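Colleague: start.cif is the file, holding mmCIF, C-alpha atoms and all ligand atoms:
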data_start
#
loop_
_atom_site.label_atom_id
_atom_site.label_comp_id
_atom_site.auth_asym_id
_atom_site.auth_seq_id
_atom_site.Cartn_x
_atom_site.Cartn_y
_atom_site.Cartn_z
CA MET A 7 -118.55 -40.70 -70.73
CA PRO A 8 -121.21 -43.30 -71.65
CA VAL A 9 -124.38 -41.84 -73.16
CA VAL A 10 -127.23 -44.35 -72.95
CA ASP A 11 -130.28 -44.23 -75.20
CA ILE A 12 -133.16 -45.47 -73.09
CA PRO A 13 -136.30 -46.79 -74.85
CA GLY A 14 -139.60 -44.91 -74.53
CA SER A 15 -141.66 -44.73 -71.37
CA LYS A 16 -144.12 -47.55 -70.85
CA SER A 17 -146.52 -45.31 -68.93
CA VAL A 18 -146.42 -42.54 -71.52
CA THR A 19 -146.82 -44.99 -74.43
CA ALA A 20 -149.83 -46.69 -72.82
CA ARG A 21 -151.55 -43.37 -72.14
CA ALA A 22 -150.72 -42.07 -75.60
CA LEU A 23 -152.29 -45.19 -77.14
CA PHE A 24 -155.48 -44.71 -75.10
CA LEU A 25 -155.67 -41.00 -75.90
CA ALA A 26 -154.95 -41.60 -79.59
CA ALA A 27 -157.66 -44.25 -79.79
CA ALA A 28 -160.18 -41.96 -78.09
CA ALA A 29 -159.30 -38.81 -80.06
CA ASP A 30 -161.03 -37.35 -83.07
CA GLY A 31 -158.54 -37.91 -85.93
CA VAL A 32 -155.23 -39.63 -86.55
CA THR A 33 -152.53 -39.44 -83.87
CA THR A 34 -148.85 -40.18 -84.46
CA LEU A 35 -146.76 -41.48 -81.57
CA VAL A 36 -143.09 -40.77 -82.07
CA ARG A 37 -140.60 -43.26 -80.57
CA PRO A 38 -143.17 -45.30 -78.62
CA LEU A 39 -141.85 -48.07 -76.38
CA ARG A 40 -141.78 -51.38 -78.21
CA SER A 41 -142.01 -54.03 -75.52
CA ASP A 42 -144.39 -56.77 -74.44
CA ASP A 43 -146.59 -54.40 -72.41
CA THR A 44 -147.02 -51.78 -75.12
CA GLU A 45 -147.24 -54.27 -78.00
CA GLY A 46 -149.95 -55.96 -75.95
CA PHE A 47 -151.75 -52.63 -75.54
CA ALA A 48 -151.58 -51.90 -79.28
CA GLU A 49 -152.73 -55.44 -80.10
CA GLY A 50 -155.65 -54.96 -77.68
CA LEU A 51 -156.66 -51.79 -79.53
CA ALA A 52 -156.49 -53.64 -82.84
CA ARG A 53 -158.73 -56.36 -81.40
CA LEU A 54 -161.22 -53.66 -80.45
CA GLY A 55 -161.23 -52.56 -84.09
CA TYR A 56 -158.94 -49.52 -83.91
CA ARG A 57 -156.51 -49.10 -86.81
CA VAL A 58 -152.93 -49.04 -85.59
CA GLY A 59 -150.27 -48.47 -88.26
CA ARG A 60 -146.53 -48.78 -87.68
CA THR A 61 -143.22 -47.61 -89.06
CA PRO A 62 -139.96 -48.43 -87.22
CA ASP A 63 -140.09 -45.16 -85.26
CA THR A 64 -143.78 -44.22 -85.14
CA TRP A 65 -147.20 -45.69 -84.46
CA GLN A 66 -150.32 -44.15 -86.03
CA VAL A 67 -153.73 -44.64 -84.46
CA ASP A 68 -157.07 -43.75 -86.08
CA GLY A 69 -159.10 -42.38 -83.21
CA ARG A 70 -162.75 -43.28 -82.64
CA PRO A 71 -164.41 -41.01 -80.02
CA GLN A 72 -167.48 -43.25 -80.24
CA GLY A 73 -165.51 -46.27 -78.97
CA PRO A 74 -164.47 -49.66 -80.39
CA ALA A 75 -165.20 -50.38 -84.05
CA VAL A 76 -166.41 -53.93 -83.47
CA PRO A 77 -169.49 -55.12 -81.53
CA GLU A 78 -167.60 -57.97 -79.85
CA ALA A 79 -164.00 -58.68 -78.98
CA ASP A 80 -161.83 -60.93 -76.88
CA VAL A 81 -158.73 -59.12 -75.65
CA TYR A 82 -155.68 -60.71 -74.04
CA CYS A 83 -153.85 -58.16 -71.87
CA ARG A 84 -150.70 -60.28 -71.28
CA ASP A 85 -148.80 -59.09 -68.13
CA GLY A 86 -149.57 -55.39 -68.53
CA ALA A 87 -151.56 -53.73 -65.77
CA THR A 88 -151.97 -50.57 -67.86
CA THR A 89 -153.50 -52.69 -70.62
CA ALA A 90 -155.61 -54.73 -68.21
CA ARG A 91 -156.95 -51.67 -66.39
CA PHE A 92 -157.12 -48.99 -69.11
CA LEU A 93 -158.60 -51.00 -72.02
CA PRO A 94 -161.76 -52.29 -70.28
CA THR A 95 -162.34 -48.67 -69.21
CA LEU A 96 -161.95 -47.44 -72.80
CA ALA A 97 -164.29 -50.18 -74.03
CA ALA A 98 -166.96 -49.12 -71.53
CA ALA A 99 -167.38 -45.88 -73.50
CA GLY A 100 -168.44 -47.81 -76.62
CA HIS A 101 -171.29 -50.13 -77.53
CA GLY A 102 -170.73 -53.86 -77.56
CA THR A 103 -169.58 -56.88 -75.57
CA TYR A 104 -165.90 -57.00 -74.76
CA ARG A 105 -164.11 -59.71 -72.84
CA PHE A 106 -160.69 -59.17 -71.27
CA ASP A 107 -158.31 -61.78 -69.95
CA ALA A 108 -154.67 -61.62 -68.85
CA SER A 109 -151.66 -63.78 -68.01
CA PRO A 110 -151.67 -65.80 -64.77
CA GLN A 111 -149.43 -63.11 -63.23
CA MET A 112 -151.82 -60.30 -64.17
CA ARG A 113 -154.86 -62.37 -63.22
CA ARG A 114 -153.51 -62.39 -59.65
CA ARG A 115 -153.26 -58.59 -59.55
CA PRO A 116 -156.24 -56.59 -58.24
CA LEU A 117 -158.57 -54.13 -59.96
CA LEU A 118 -161.72 -54.25 -57.83
CA PRO A 119 -161.73 -50.55 -56.83
CA LEU A 120 -161.74 -49.65 -60.54
CA THR A 121 -164.41 -52.13 -61.58
CA ARG A 122 -166.56 -51.05 -58.61
CA ALA A 123 -166.26 -47.42 -59.67
CA LEU A 124 -167.19 -48.34 -63.25
CA ARG A 125 -170.24 -50.21 -61.97
CA ASP A 126 -171.15 -47.23 -59.78
CA LEU A 127 -171.14 -45.22 -63.02
CA GLY A 128 -173.64 -47.66 -64.51
CA VAL A 129 -171.26 -49.87 -66.49
CA ASP A 130 -172.33 -53.52 -66.82
CA LEU A 131 -169.11 -55.32 -65.87
CA ARG A 132 -168.85 -58.95 -64.77
CA HIS A 133 -165.87 -60.81 -63.36
CA GLU A 134 -165.89 -64.36 -64.67
CA GLU A 135 -164.03 -66.21 -61.95
CA GLN A 136 -162.86 -64.12 -59.02
CA GLU A 137 -164.43 -60.82 -58.05
CA GLY A 138 -161.97 -58.00 -58.80
CA HIS A 139 -159.72 -60.02 -61.11
CA HIS A 140 -159.48 -60.94 -64.79
CA PRO A 141 -161.12 -62.40 -66.81
CA LEU A 142 -163.99 -59.94 -67.07
CA THR A 143 -166.63 -58.87 -69.56
CA VAL A 144 -167.87 -55.35 -70.20
CA THR A 145 -171.26 -55.03 -71.87
CA ALA A 146 -170.87 -51.46 -72.98
CA ALA A 147 -173.58 -48.94 -73.71
CA GLY A 148 -171.72 -45.64 -73.27
CA VAL A 149 -171.14 -43.91 -69.92
CA ALA A 150 -173.31 -41.05 -68.70
CA GLY A 151 -170.70 -39.78 -66.25
CA GLY A 152 -171.30 -38.02 -62.94
CA GLU A 153 -169.66 -38.42 -59.55
CA VAL A 154 -167.81 -41.41 -58.20
CA THR A 155 -165.64 -42.21 -55.17
CA LEU A 156 -162.47 -44.26 -55.57
CA ASP A 157 -159.91 -45.86 -53.27
CA ALA A 158 -156.64 -45.60 -55.21
CA GLY A 159 -154.47 -46.55 -52.24
CA GLN A 160 -153.39 -49.74 -53.97
CA SER A 161 -152.85 -48.35 -57.45
CA SER A 162 -153.03 -44.95 -59.10
CA GLN A 163 -153.85 -46.74 -62.35
CA TYR A 164 -157.48 -46.97 -61.20
CA LEU A 165 -157.65 -43.19 -61.08
CA THR A 166 -155.76 -42.76 -64.35
CA ALA A 167 -158.22 -45.09 -66.10
CA LEU A 168 -161.20 -43.07 -64.87
CA LEU A 169 -159.61 -39.71 -65.73
CA LEU A 170 -158.84 -40.93 -69.25
CA LEU A 171 -162.47 -42.06 -69.57
CA GLY A 172 -163.86 -38.72 -68.36
CA PRO A 173 -164.00 -36.79 -71.68
CA LEU A 174 -165.73 -39.76 -73.35
CA THR A 175 -168.68 -39.60 -70.92
CA ARG A 176 -171.79 -37.58 -71.74
CA GLU A 177 -171.68 -35.34 -68.63
CA GLY A 178 -168.04 -35.48 -67.61
CA LEU A 179 -166.69 -37.03 -64.43
CA ARG A 180 -165.89 -36.01 -60.90
CA VAL A 181 -163.69 -38.58 -59.15
CA THR A 182 -163.10 -38.20 -55.41
CA VAL A 183 -160.25 -40.27 -54.03
CA THR A 184 -160.20 -41.57 -50.45
CA ASP A 185 -156.54 -42.62 -50.79
CA LEU A 186 -153.95 -42.33 -53.55
CA VAL A 187 -150.48 -43.79 -54.21
CA SER A 188 -148.00 -43.08 -57.00
CA VAL A 189 -149.21 -39.49 -57.40
CA PRO A 190 -146.66 -38.55 -60.10
CA TYR A 191 -148.31 -41.07 -62.45
CA VAL A 192 -151.57 -39.14 -62.11
CA GLU A 193 -149.63 -36.01 -62.99
CA ILE A 194 -148.39 -37.74 -66.16
CA THR A 195 -152.01 -38.55 -67.01
CA ILE A 196 -153.18 -34.98 -66.48
CA ALA A 197 -150.28 -33.50 -68.50
CA MET A 198 -150.92 -35.90 -71.37
CA MET A 199 -154.68 -35.27 -71.37
CA ARG A 200 -153.79 -31.57 -71.70
CA ALA A 201 -151.64 -32.38 -74.75
CA PHE A 202 -154.75 -34.00 -76.27
CA GLY A 203 -156.89 -30.92 -75.51
CA VAL A 204 -158.50 -31.72 -72.13
CA GLU A 205 -157.96 -29.82 -68.89
CA VAL A 206 -158.51 -31.72 -65.61
CA ALA A 207 -159.34 -29.55 -62.58
CA ARG A 208 -158.22 -30.56 -59.10
CA GLU A 209 -160.44 -29.58 -56.14
CA GLY A 210 -159.00 -31.02 -52.94
CA ASN A 211 -159.39 -34.78 -53.20
CA SER A 212 -161.55 -34.51 -56.29
CA PHE A 213 -160.57 -34.54 -59.95
CA VAL A 214 -163.02 -32.96 -62.37
CA VAL A 215 -162.95 -33.89 -66.06
CA PRO A 216 -165.15 -32.07 -68.58
CA PRO A 217 -166.98 -33.93 -71.37
CA GLY A 218 -166.17 -33.18 -74.98
CA GLY A 219 -163.51 -35.57 -76.20
CA TYR A 220 -159.86 -35.47 -77.20
CA ARG A 221 -158.04 -33.80 -80.11
CA ALA A 222 -155.64 -35.95 -82.15
CA THR A 223 -152.03 -34.79 -82.19
CA THR A 224 -148.44 -35.82 -82.80
CA TYR A 225 -146.91 -37.00 -79.54
CA ALA A 226 -143.23 -37.69 -78.83
CA VAL A 227 -142.70 -40.30 -76.09
CA GLU A 228 -139.92 -39.48 -73.61
CA PRO A 229 -137.44 -42.19 -72.48
CA ASP A 230 -138.52 -44.42 -69.60
CA ALA A 231 -137.30 -43.03 -66.27
CA SER A 232 -137.79 -46.32 -64.38
CA THR A 233 -135.62 -48.09 -66.95
CA ALA A 234 -133.04 -45.31 -66.68
CA SER A 235 -132.76 -46.01 -62.93
CA TYR A 236 -130.69 -49.19 -63.60
CA PHE A 237 -128.20 -47.23 -65.66
CA PHE A 238 -127.98 -44.38 -63.15
CA ALA A 239 -127.54 -46.90 -60.33
CA ALA A 240 -124.80 -48.60 -62.36
CA ALA A 241 -122.85 -45.34 -62.44
CA ALA A 242 -123.35 -44.80 -58.71
CA VAL A 243 -122.04 -48.24 -57.68
CA THR A 244 -119.09 -48.44 -60.09
CA GLY A 245 -117.77 -44.90 -59.86
CA GLY A 246 -118.55 -44.50 -63.56
CA GLU A 247 -120.61 -41.86 -65.31
CA VAL A 248 -123.86 -42.25 -67.27
CA THR A 249 -125.78 -39.62 -69.23
CA VAL A 250 -129.33 -40.24 -70.39
CA PRO A 251 -130.51 -37.80 -73.07
CA GLY A 252 -134.22 -36.94 -73.30
CA LEU A 253 -134.81 -36.98 -69.54
CA GLY A 254 -134.22 -33.59 -67.99
CA GLU A 255 -135.94 -30.81 -66.08
CA GLY A 256 -139.12 -31.01 -68.14
CA ALA A 257 -139.55 -34.78 -67.82
CA LEU A 258 -143.07 -35.96 -67.02
CA GLN A 259 -142.08 -39.04 -65.04
CA GLY A 260 -141.70 -38.89 -61.29
CA ASP A 261 -139.29 -41.83 -61.37
CA LEU A 262 -136.55 -39.50 -62.56
CA GLY A 263 -136.59 -38.49 -58.86
CA PHE A 264 -134.58 -41.65 -58.21
CA VAL A 265 -131.47 -39.62 -59.04
CA ASP A 266 -132.22 -37.42 -55.99
CA VAL A 267 -131.92 -40.56 -53.83
CA LEU A 268 -128.57 -41.34 -55.46
CA ARG A 269 -127.44 -37.74 -54.86
CA HIS A 270 -128.44 -38.03 -51.23
CA MET A 271 -126.34 -41.18 -50.96
CA GLY A 272 -123.26 -39.47 -52.36
CA ALA A 273 -123.44 -39.60 -56.17
CA ASP A 274 -122.84 -36.55 -58.28
CA VAL A 275 -126.04 -35.75 -60.19
CA THR A 276 -126.81 -33.14 -62.85
CA VAL A 277 -130.34 -32.76 -64.14
CA GLY A 278 -130.01 -30.52 -67.18
CA ARG A 279 -132.57 -29.08 -69.54
CA ASP A 280 -132.78 -32.20 -71.66
CA ALA A 281 -130.46 -34.80 -70.12
CA THR A 282 -129.47 -36.24 -66.75
CA THR A 283 -125.99 -37.35 -65.70
CA VAL A 284 -125.03 -39.46 -62.69
CA ARG A 285 -121.41 -39.88 -61.68
CA GLY A 286 -120.31 -42.29 -58.99
CA THR A 287 -117.99 -40.71 -56.45
CA GLY A 288 -116.86 -43.83 -54.62
CA GLU A 289 -119.07 -42.79 -51.72
CA LEU A 290 -122.48 -44.42 -51.16
CA ARG A 291 -124.07 -43.61 -47.82
CA GLY A 292 -127.00 -45.37 -46.17
CA VAL A 293 -130.36 -43.63 -46.39
CA THR A 294 -133.96 -43.76 -45.16
CA VAL A 295 -136.30 -42.88 -47.97
CA ASN A 296 -140.05 -42.78 -48.57
CA MET A 297 -140.69 -44.25 -52.02
CA ARG A 298 -144.49 -44.03 -52.13
CA ASP A 299 -144.24 -41.75 -55.19
CA ILE A 300 -141.54 -43.70 -57.03
CA SER A 301 -142.05 -47.30 -55.95
CA ASP A 302 -140.99 -48.86 -59.28
CA THR A 303 -137.45 -47.84 -58.30
CA MET A 304 -137.63 -49.59 -54.90
CA PRO A 305 -136.01 -52.78 -56.30
CA THR A 306 -133.25 -50.69 -57.92
CA LEU A 307 -132.34 -49.16 -54.58
CA ALA A 308 -132.70 -52.44 -52.67
CA ALA A 309 -130.34 -54.14 -55.13
CA ILE A 310 -127.56 -51.58 -54.65
CA ALA A 311 -128.17 -51.13 -50.93
CA PRO A 312 -125.54 -53.72 -49.84
CA PHE A 313 -122.83 -51.42 -51.25
CA ALA A 314 -123.85 -48.49 -49.02
CA SER A 315 -121.79 -47.74 -45.94
CA GLY A 316 -124.89 -47.74 -43.68
CA PRO A 317 -128.35 -49.32 -43.62
CA VAL A 318 -130.79 -48.48 -46.42
CA ARG A 319 -134.41 -48.32 -45.32
CA ILE A 320 -137.20 -47.90 -47.88
CA GLU A 321 -140.60 -46.95 -46.50
CA ASP A 322 -144.24 -46.63 -47.58
CA VAL A 323 -144.09 -49.14 -50.41
CA ALA A 324 -146.90 -51.55 -49.43
CA ASN A 325 -148.26 -51.58 -52.96
CA THR A 326 -145.06 -53.09 -54.34
CA ARG A 327 -146.50 -56.33 -52.92
CA VAL A 328 -149.19 -56.32 -55.64
CA LYS A 329 -147.01 -55.68 -58.67
CA GLU A 330 -145.60 -58.34 -61.02
CA CYS A 331 -144.72 -60.21 -57.82
CA ASP A 332 -144.47 -59.37 -54.12
CA ARG A 333 -141.45 -57.16 -54.70
CA LEU A 334 -140.62 -56.58 -51.02
CA GLU A 335 -140.29 -60.33 -50.42
CA ALA A 336 -138.62 -61.00 -53.80
CA CYS A 337 -135.96 -58.38 -53.08
CA ALA A 338 -135.47 -59.63 -49.52
CA GLU A 339 -135.14 -63.24 -50.62
CA ASN A 340 -132.62 -62.44 -53.34
CA LEU A 341 -130.56 -60.25 -51.02
CA ARG A 342 -130.46 -63.11 -48.51
CA ARG A 343 -129.37 -65.47 -51.27
CA LEU A 344 -126.50 -63.02 -51.87
CA GLY A 345 -125.61 -63.28 -48.17
CA VAL A 346 -126.95 -59.85 -47.20
CA ARG A 347 -128.89 -59.18 -43.99
CA VAL A 348 -132.35 -57.76 -44.65
CA THR A 349 -135.66 -57.30 -42.84
CA THR A 350 -139.11 -56.39 -44.14
CA GLY A 351 -142.37 -55.13 -42.66
CA PRO A 352 -145.82 -54.60 -44.16
CA ASP A 353 -144.67 -51.58 -46.15
CA TRP A 354 -140.89 -51.36 -45.73
CA ILE A 355 -137.57 -53.06 -46.31
CA GLU A 356 -134.26 -52.48 -44.55
CA VAL A 357 -130.98 -53.68 -46.02
CA GLN A 358 -127.72 -53.86 -44.08
CA PRO A 359 -124.32 -53.15 -45.62
CA ALA A 360 -122.63 -56.23 -47.04
CA ALA A 361 -119.96 -57.92 -44.91
CA ALA A 362 -116.29 -57.09 -45.66
CA ASP A 363 -115.94 -60.09 -48.01
CA GLY A 364 -118.98 -58.73 -49.93
CA PRO A 365 -122.11 -60.38 -51.28
CA THR A 366 -121.58 -63.78 -52.89
CA GLY A 367 -122.78 -64.55 -56.41
CA THR A 368 -125.97 -66.60 -56.77
CA GLU A 369 -128.81 -67.34 -59.12
CA ILE A 370 -131.44 -64.63 -58.69
CA LYS A 371 -135.06 -65.79 -58.53
CA SER A 372 -136.85 -63.58 -61.02
CA TYR A 373 -140.51 -64.30 -60.20
CA GLY A 374 -141.29 -63.30 -63.78
CA ASP A 375 -140.60 -59.70 -62.75
CA HIS A 376 -138.61 -57.54 -65.16
CA ARG A 377 -137.63 -55.14 -62.38
CA VAL A 378 -136.18 -57.88 -60.17
CA VAL A 379 -133.92 -58.94 -63.04
CA MET A 380 -132.89 -55.45 -64.14
CA SER A 381 -132.24 -54.36 -60.54
CA PHE A 382 -130.04 -57.33 -59.61
CA ALA A 383 -128.17 -56.98 -62.91
CA VAL A 384 -126.83 -53.80 -61.28
CA THR A 385 -125.72 -55.80 -58.24
CA GLY A 386 -123.97 -58.10 -60.71
CA LEU A 387 -121.66 -55.25 -61.74
CA ARG A 388 -119.97 -55.60 -58.35
CA VAL A 389 -120.61 -59.27 -57.54
CA PRO A 390 -119.18 -61.99 -59.80
CA GLY A 391 -121.46 -64.96 -60.44
CA VAL A 392 -124.88 -63.28 -60.43
CA SER A 393 -127.22 -65.08 -62.86
CA PHE A 394 -130.99 -65.27 -63.38
CA ASP A 395 -133.47 -68.13 -63.60
CA ASP A 396 -135.60 -66.16 -66.08
CA PRO A 397 -133.56 -63.36 -67.69
CA GLY A 398 -136.06 -63.04 -70.55
CA CYS A 399 -138.83 -61.56 -68.41
CA VAL A 400 -137.28 -58.12 -69.09
CA ARG A 401 -139.31 -58.24 -72.32
CA LYS A 402 -142.20 -56.64 -70.40
CA THR A 403 -140.60 -53.20 -70.67
CA PHE A 404 -137.13 -53.59 -72.22
CA PRO A 405 -136.50 -56.58 -74.51
CA GLY A 406 -132.95 -55.39 -75.29
CA PHE A 407 -131.95 -54.81 -71.66
CA HIS A 408 -129.22 -57.46 -71.36
CA GLU A 409 -127.50 -56.33 -74.58
CA GLU A 410 -127.62 -52.64 -73.60
CA PHE A 411 -126.54 -53.28 -70.03
CA GLY A 412 -123.77 -55.60 -71.17
CA ALA A 413 -122.53 -52.90 -73.54
CA LEU A 414 -122.54 -50.34 -70.73
CA ARG A 415 -120.58 -52.68 -68.46
CA THR A 416 -117.63 -52.56 -70.87
CA ARG A 417 -117.72 -48.75 -70.99
CA LEU A 418 -118.05 -47.86 -67.30
O1 LIG B 1 -149.89 -45.54 -64.43
C1 LIG B 1 -148.83 -46.10 -64.73
O2 LIG B 1 -148.38 -46.09 -65.88
C2 LIG B 1 -148.08 -46.80 -63.66
C3 LIG B 1 -148.37 -46.55 -62.34
C4 LIG B 1 -147.64 -47.20 -61.24
O3 LIG B 1 -148.48 -48.18 -60.69
P1 LIG B 1 -149.30 -47.99 -59.30
O4 LIG B 1 -150.12 -46.78 -59.40
O5 LIG B 1 -150.09 -49.25 -59.25
O6 LIG B 1 -148.26 -47.88 -58.21
C5 LIG B 1 -146.36 -47.89 -61.70
O7 LIG B 1 -145.91 -48.77 -60.71
C6 LIG B 1 -146.58 -48.66 -62.97
O8 LIG B 1 -145.39 -49.27 -63.41
C7 LIG B 1 -147.04 -47.75 -64.09
C1 LIG B 2 -145.66 -52.30 -61.85
C2 LIG B 2 -145.26 -52.27 -63.11
O1 LIG B 2 -146.03 -52.45 -64.19
P1 LIG B 2 -147.61 -52.44 -64.43
O2 LIG B 2 -148.28 -52.13 -63.11
O3 LIG B 2 -147.85 -51.38 -65.45
O4 LIG B 2 -147.92 -53.81 -64.95
C3 LIG B 2 -143.84 -52.00 -63.44
O5 LIG B 2 -143.54 -51.79 -64.63
O6 LIG B 2 -143.00 -51.98 -62.55
#
Write out the structure in this file as structure tokens.

Modeller:
Amino acid sequence: MPVVDIPGSKSVTARALFLAAAADGVTTLVRPLRSDDTEGFAEGLARLGYRVGRTPDTWQVDGRPQGPAVPEADVYCRDGATTARFLPTLAAAGHGTYRFDASPQMRRRPLLPLTRALRDLGVDLRHEEQEGHHPLTVTAAGVAGGEVTLDAGQSSQYLTALLLLGPLTREGLRVTVTDLVSVPYVEITIAMMRAFGVEVAREGNSFVVPPGGYRATTYAVEPDASTASYFFAAAAVTGGEVTVPGLGEGALQGDLGFVDVLRHMGADVTVGRDATTVRGTGELRGVTVNMRDISDTMPTLAAIAPFASGPVRIEDVANTRVKECDRLEACAENLRRLGVRVTTGPDWIEVQPAAADGPTGTEIKSYGDHRVVMSFAVTGLRVPGVSFDDPGCVRKTFPGFHEEFGALRTRL
């Protein structure tokens, strides 16, 4: 029975780094994710003058409730949207001039609703080239706080950034959302703020954050549930069994809900107190599923959909078009390259069962998207000849993916 150790959650590590930097005292992160996104986040903090110390298993951050330690900084956010959206928001609470840029991929991704909200709160923020995109400069002079309205229909990260900022403002914050996707990520934010001593109140569509700052702590990062989805899917399509320790009933991440989709399709799933096991049963039924809450697992499901006995339709995932790539089209194109029939709409994808002679191996076009590669690696368990034009882009969240997945392949 393969037991797979999954690296730490990207979302939890990014939040923990923000909270640690903003807290009063020294915070220790236990088993943070070490990947391009989170290394980029930690490097960004260091650029802003925060002290980040490392041992193989822990990161220590000296918190500065007053904001960055340097009056000027130039921060490169790489491909990470958490870095590119959370760090300018953290910097706004300080005093100084901070410029943020990102990779070409991240430059294409939006953040206008967030930067508008920051401006509405009095933050001096300028986009250098294209309105609502990196590069941008924050000329920070602290944030008074107050009320602000936000459209988080494209990304919940806008709301998370503002909630994280709330305790650093002088009066606290009340954020009213007109739309919101990826709700479980906001729940992660609220639970983690609580662990750092701040209670967010929810009043209908409004989130109320008191002023007063964060308390430093020791924080253990749980394994990444989105990463685990590839290993759970592997069990479901091969008839094997995979157990992931550290992700159980108390897990913070909504993406663990992907196992409910697999259960619905016919897999045997046990979510225990501190571990989850998926066992393939040989049966994989078609399904129609709304993935608005867990859209990072849309490519995982799309990539195994050809092995289902009926059509797989994934709905309400418009915002997957503004991730590392347009994931709906990237998945559709790669499925077609495999010889699978697929259709897409503005916010959905429908995949037909593979023909009797099965999908045919091909080179998968990665679009620099870690999830495209990791998802179609699962397809490759059943289809000989699947390769990737850019296998290394998994570094964003899981640099060791191919080694770990290769090792699992021999044990399934
Ligand atoms: O807050 C976070 O850590 C994340 C939120 C989600 O983004 P959206 O809210 O943009 O869907 C998710 O896709 C991303 O990988 C991580
Ligand atoms: C969308 C993703 O990342 P981010 O938005 O944090 O860059 C992801 O990891 O799938």

Colleague: Just need the box for segment 285-296 of chain A, edges along x, y and z, holding every atom the file lists for it with 5 Å tacked onto each side, so centre and edge lengths in Å to one decimal, as AutoDock Vina command-line options.

Modeller:
--center_x -128.5 --center_y -42.6 --center_z -53.4 --size_x 33.2 --size_y 15.5 --size_z 26.5

Colleague: As a quick test: using only C-alpha atoms and all ligand atoms, which residues lie no more than 10 Å away from ligand LIG 1 (chain B)? Give them as number ranges by chain.

Modeller: A: 15-21, 86-89, 91-92, 115-117, 158-167, 186-195, 232, 259, 261, 298-303, 323-326, 328-330, 377, 403

Colleague: Write out as a list in words which residues come within 9 Å of segment 211-216 of chain A when counting only C-alpha atoms, dropping same-chain ones fewer than 3 positions away.

Modeller: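 These residues fall inside the cut-off: Thr155, Leu169, Leu170, Leu171, Gly172, Pro173, Thr175, Glu177, Gly178, Leu179, Arg180, Val181, Thr182, Val183, Thr184, Asp185, Val204, Glu205, Val206, Ala207, Arg208 and Gly219 of chain A.
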
Colleague: For Pro405 of chain A, which residue among A:Gly73, A:Glu247, A:Thr233, A:Arg417 is the nearest when counting all atoms listed in the file?

Modeller: A:Thr233

Colleague: Pick out the residues sitting within 8 Å of segment 263-280 of chain A, and hand them over as a list of chain:residue names; count all atoms listed in the file, and ignore anything fewer than 2 positions along from it in its own chain.

Modeller: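 My reading of the contact set: A:Ser235, A:Phe238, A:Ala239, A:Ala242, A:Pro251, A:Gly252, A:Leu253, A:Gly254, A:Glu255, A:Gly256, A:Gly260, A:Asp261, A:Thr282, A:Thr283, A:Val284, A:Arg285, A:Gly286, A:Thr287, A:Gly288, A:Glu289, A:Leu290, A:Arg291, A:Gly292, A:Val293, A:Val295, A:Ile300, A:Thr303, A:Ala314.
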
Colleague: Counting only C-alpha atoms, which of A:Ala197, A:Ala338, A:Leu258, A:Val346 gets nearest to Asp230 of chain A?

Modeller: A:Leu258
